[in-house]
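For reference, the structure discussed in these notes is given below.
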Amino acid sequence: MTFVQAVIDGLMIGGVYAVISIGLTLVFGVMGIINFAQAEFLMLGMFIAYFAWKFLGLDPLIGSLLSFALIFGLGILVQRTLIQRVLNAPPLAQIFVTVGLLIVIENLALIAFGSDFRSVSTAYQTTALRLGPLFISVPYLAAFLMSLLCGVALWLFTNGTWYGRAMRATAQDPMAAHLMGINADRMRQIAFGLGVGLTAFGGAVILPYFTVHPTVGQQFVVLMFTVVVLGGLGSVAGAVVGGLAVGVIQSVSTLFFPIQLQNLVLFIVFITMLALRPNGLLGGAR
Amino acid sequence: MRWWIAGVAAVALAAALPLFLDPLGYAIRVLTLALLFAALGQAWNIVGGLANQISLGHAAFFGLGAYTSTLLLIHFSVSPWLGMLAGAAIAAVAAYLLSFPTMRLRGHYFALATLAFSEVLRIIAISWSGVTGGPVGLSVPFAMEDSFALLQFRSTLPYYYIILGALVLISCVFLVIRHSALGYRLRAVKENVEAAEVIGVDTTRVKIVAAVISAALTAILGTLYAQFNYFFDPDAVFGIVPVSIRAAIVTILGGAGTVLGPIVGAFFIIPVEELANSYLSSQMAGLSQLAFGLVLIAVILVQPRGILVLIRDGVARFRRGDGA
């Protein structure tokens, strides 16, 4: 039963990992750039939801919408001022622009908020639903359901709207999309805004069971990369599968290994995947 | 010939500089750190600059060097000079093994894989407390008196000269590689891997040789860092930002692929960072890192080939008379 329990916990957490990592894979799919600063937007999303709870009395699950909206706007700004300018630059410049951004955001947060750990308190924080011998933690479930809603909304956007189709067209072939009258730069801005906005949203919904501090992003960096590499860089469906897989791997591995080694298992999965199937579990041969 | 003379003059100048400084003072400590990170950048430059294999995991080798020599010293009283060689050998083997999963990877993928590798070692160092001291880290056993064999000195001066020597050595290795057949092959890999394969370059072998040399040199610097600092923890030697990213940044700031790049970059950024850390309060310490990030972004947007190219272009424009 502990095994089933671990799988259920893993799936609940993995759903959130999926939403967090979709942002990273979306940006890569549209622009071919890996945003090393992605996890910093998760930290910003957590802080926005925290302050919305503290000063406006909003539950983090509602505050997550505010996190998404504000970071979506910030993302468009970052795309216009920074990322746009290295789109055709060598990988060296692309990698280190986002590494620079990571350092800037983390230290701005350190200066603005101090290094304290903060957490919210909600009525449902310590409650759990009982299903026979199994327990489902309410904050895990709430975060999972919010992530699910978010995923459905994203699917409707990319498949059911003109903007969504235009964005996918830009990912497939920017030049052809341009010839069809699509403003590729506008689409890249939307993709980046959406990408970091989704990650910020994911940060906000885990706030009921996760403390926030300026360097919290570091705990998520390699986790997010593992998710997208498992699913195949650039594939949204892959990120969902990868997210659930990472959640389960992480949760089940704590049954066999001490908690400090939880991430070690992930890293080894990550390096092995990169070496054997760089296009992801769902991707074809290279 | 002119470049050789300029190089020898620069080393002579660097060797004479401490004569004007207090050997126990702060200035020489900052200069020594700048030399150390210049050397680290130069070791990174062999793979990152010459072959454009962007590693974000050089902390792995730096940490292996620091832990190997210090553990040998603590448990078996092995001189750090020998420990340094043992660390270099272990790092070389690690780089060789790492090359199996990573050699086919390029650009972003290679950066991700190397980053994950150094994180694996950091987590092992934190968890395996029985051997590594865990999150607390290790202290170099304190010698009663100055000892060359134990690589321990009360004054900063000997460290300054030893680390200057390491920088000169690694810079020479860099230059020799650059002007050898290996260097031309690495440049072919950098420009176009497929074309390099077609004209008969064994690109995998070339990349492995460069990675192994770079890793061994990085481990030597890890040992020197441990001896100079007397104390280190997993984050200080296996950390992504403190070691891996810093090695890359000093090189890129000055100009990746050039011998002067890491030296100019380190002497530009390390003193600024050190001074900010010592004069600003702990919360404001974020400021120096912030400046670090902003300078990095600015250099990449303005001139991704580094400060040296920026200066050269500025001088050229001034000479033509259409700037200034």
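Every chain in the structure tokens takes a letter, A first, then B, and so on in the order presented; its residues are numbered from 1, and the ligands are numbered from 1 following the presented order.
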Could you pull out the residues in region 55-203 of chain A that DSSP calls strand (DSSP E or B) from the backbone, as number ranges by chain? A: 118, 128-131, 134-137
Can you write just those residues out, C-alpha atoms, as a PDB file, in the first residue's frame?
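File out_11.pdb, as written:
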ATOM      1  CA  ARG A 118       7.867  32.510   4.117  1.00  0.00           C
ATOM      2  CA  ALA A 128      -6.462  14.839   3.749  1.00  0.00           C
ATOM      3  CA  LEU A 129      -9.169  12.798   2.064  1.00  0.00           C
ATOM      4  CA  ARG A 130      -9.449   9.163   3.025  1.00  0.00           C
ATOM      5  CA  LEU A 131      -9.970   6.529   0.330  1.00  0.00           C
ATOM      6  CA  LEU A 134      -5.076   5.579   1.114  1.00  0.00           C
ATOM      7  CA  PHE A 135      -4.837   9.259   1.879  1.00  0.00           C
ATOM      8  CA  ILE A 136      -5.004  12.111  -0.589  1.00  0.00           C
ATOM      9  CA  SER A 137      -3.572  15.338   0.734  1.00  0.00           C
TER      10      SER A 137
END
As a VMD selection string, could you give me every residue of chain A near chain B (at most 9 Å apart, counting only C-alpha atoms)? chain A and resid 33 to 34 82 85 to 86 89 to 111 114 to 115 222 225 260 to 261 263 to 265 267 to 268 270 to 272 274 to 276 278
Extract the full set of helix (DSSP H, G or I) residues from region 99-142 of chain A according to DSSP on the backbone, and format it as a list in words. Val99, Gly100, Leu101, Leu102, Ile103, Val104, Ile105, Glu106, Asn107, Leu108, Ala109, Leu110, Ile111, Ala112, Phe113, Val138, Pro139, Tyr140, Leu141 and Ala142 of chain A
What's around Met43 (chain A) at 8 Å? Count only C-alpha atoms, leave out sequence neighbours fewer than 4 positions away in its own chain, and write the answer as a JSON list (two decimals) with N, CA and C atoms, in the first residue's frame.
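Writing the result to part-v5.json gives the following:
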[["chain", "number", "residue", "atom", "x", "y", "z"],
["A", 39, "ALA", "N", 13.26, 28.85, -13.75],
["A", 39, "ALA", "CA", 12.88, 28.57, -12.37],
["A", 39, "ALA", "C", 12.76, 29.85, -11.54],
["A", 47, "PHE", "N", 6.15, 34.41, -4.92],
["A", 47, "PHE", "CA", 6.14, 35.64, -4.12],
["A", 47, "PHE", "C", 4.89, 36.47, -4.39],
["A", 200, "ALA", "N", 5.07, 30.49, -13.40],
["A", 200, "ALA", "CA", 4.72, 31.29, -12.22],
["A", 200, "ALA", "C", 3.42, 30.78, -11.61],
["A", 203, "GLY", "N", 4.13, 27.78, -9.62],
["A", 203, "GLY", "CA", 4.75, 28.15, -8.35],
["A", 203, "GLY", "C", 3.69, 28.57, -7.33],
["A", 212, "VAL", "N", 8.47, 29.72, 0.45],
["A", 212, "VAL", "CA", 9.10, 30.50, -0.61],
["A", 212, "VAL", "C", 10.25, 31.32, -0.04],
["A", 213, "HIS", "N", 11.35, 31.38, -0.79],
["A", 213, "HIS", "CA", 12.49, 32.23, -0.47],
["A", 213, "HIS", "C", 13.21, 32.53, -1.78],
["A", 214, "PRO", "N", 14.08, 33.56, -1.81],
["A", 214, "PRO", "CA", 14.62, 34.01, -3.11],
["A", 214, "PRO", "C", 15.40, 32.95, -3.88],
["A", 215, "THR", "N", 15.95, 31.93, -3.20],
["A", 215, "THR", "CA", 16.74, 30.95, -3.94],
["A", 215, "THR", "C", 15.98, 29.64, -4.15],
["A", 216, "VAL", "N", 14.65, 29.67, -3.96],
["A", 216, "VAL", "CA", 13.85, 28.45, -4.09],
["A", 216, "VAL", "C", 13.95, 27.88, -5.51],
["A", 217, "GLY", "N", 14.21, 28.75, -6.48],
["A", 217, "GLY", "CA", 14.29, 28.31, -7.88],
["A", 217, "GLY", "C", 15.33, 27.23, -8.09]]
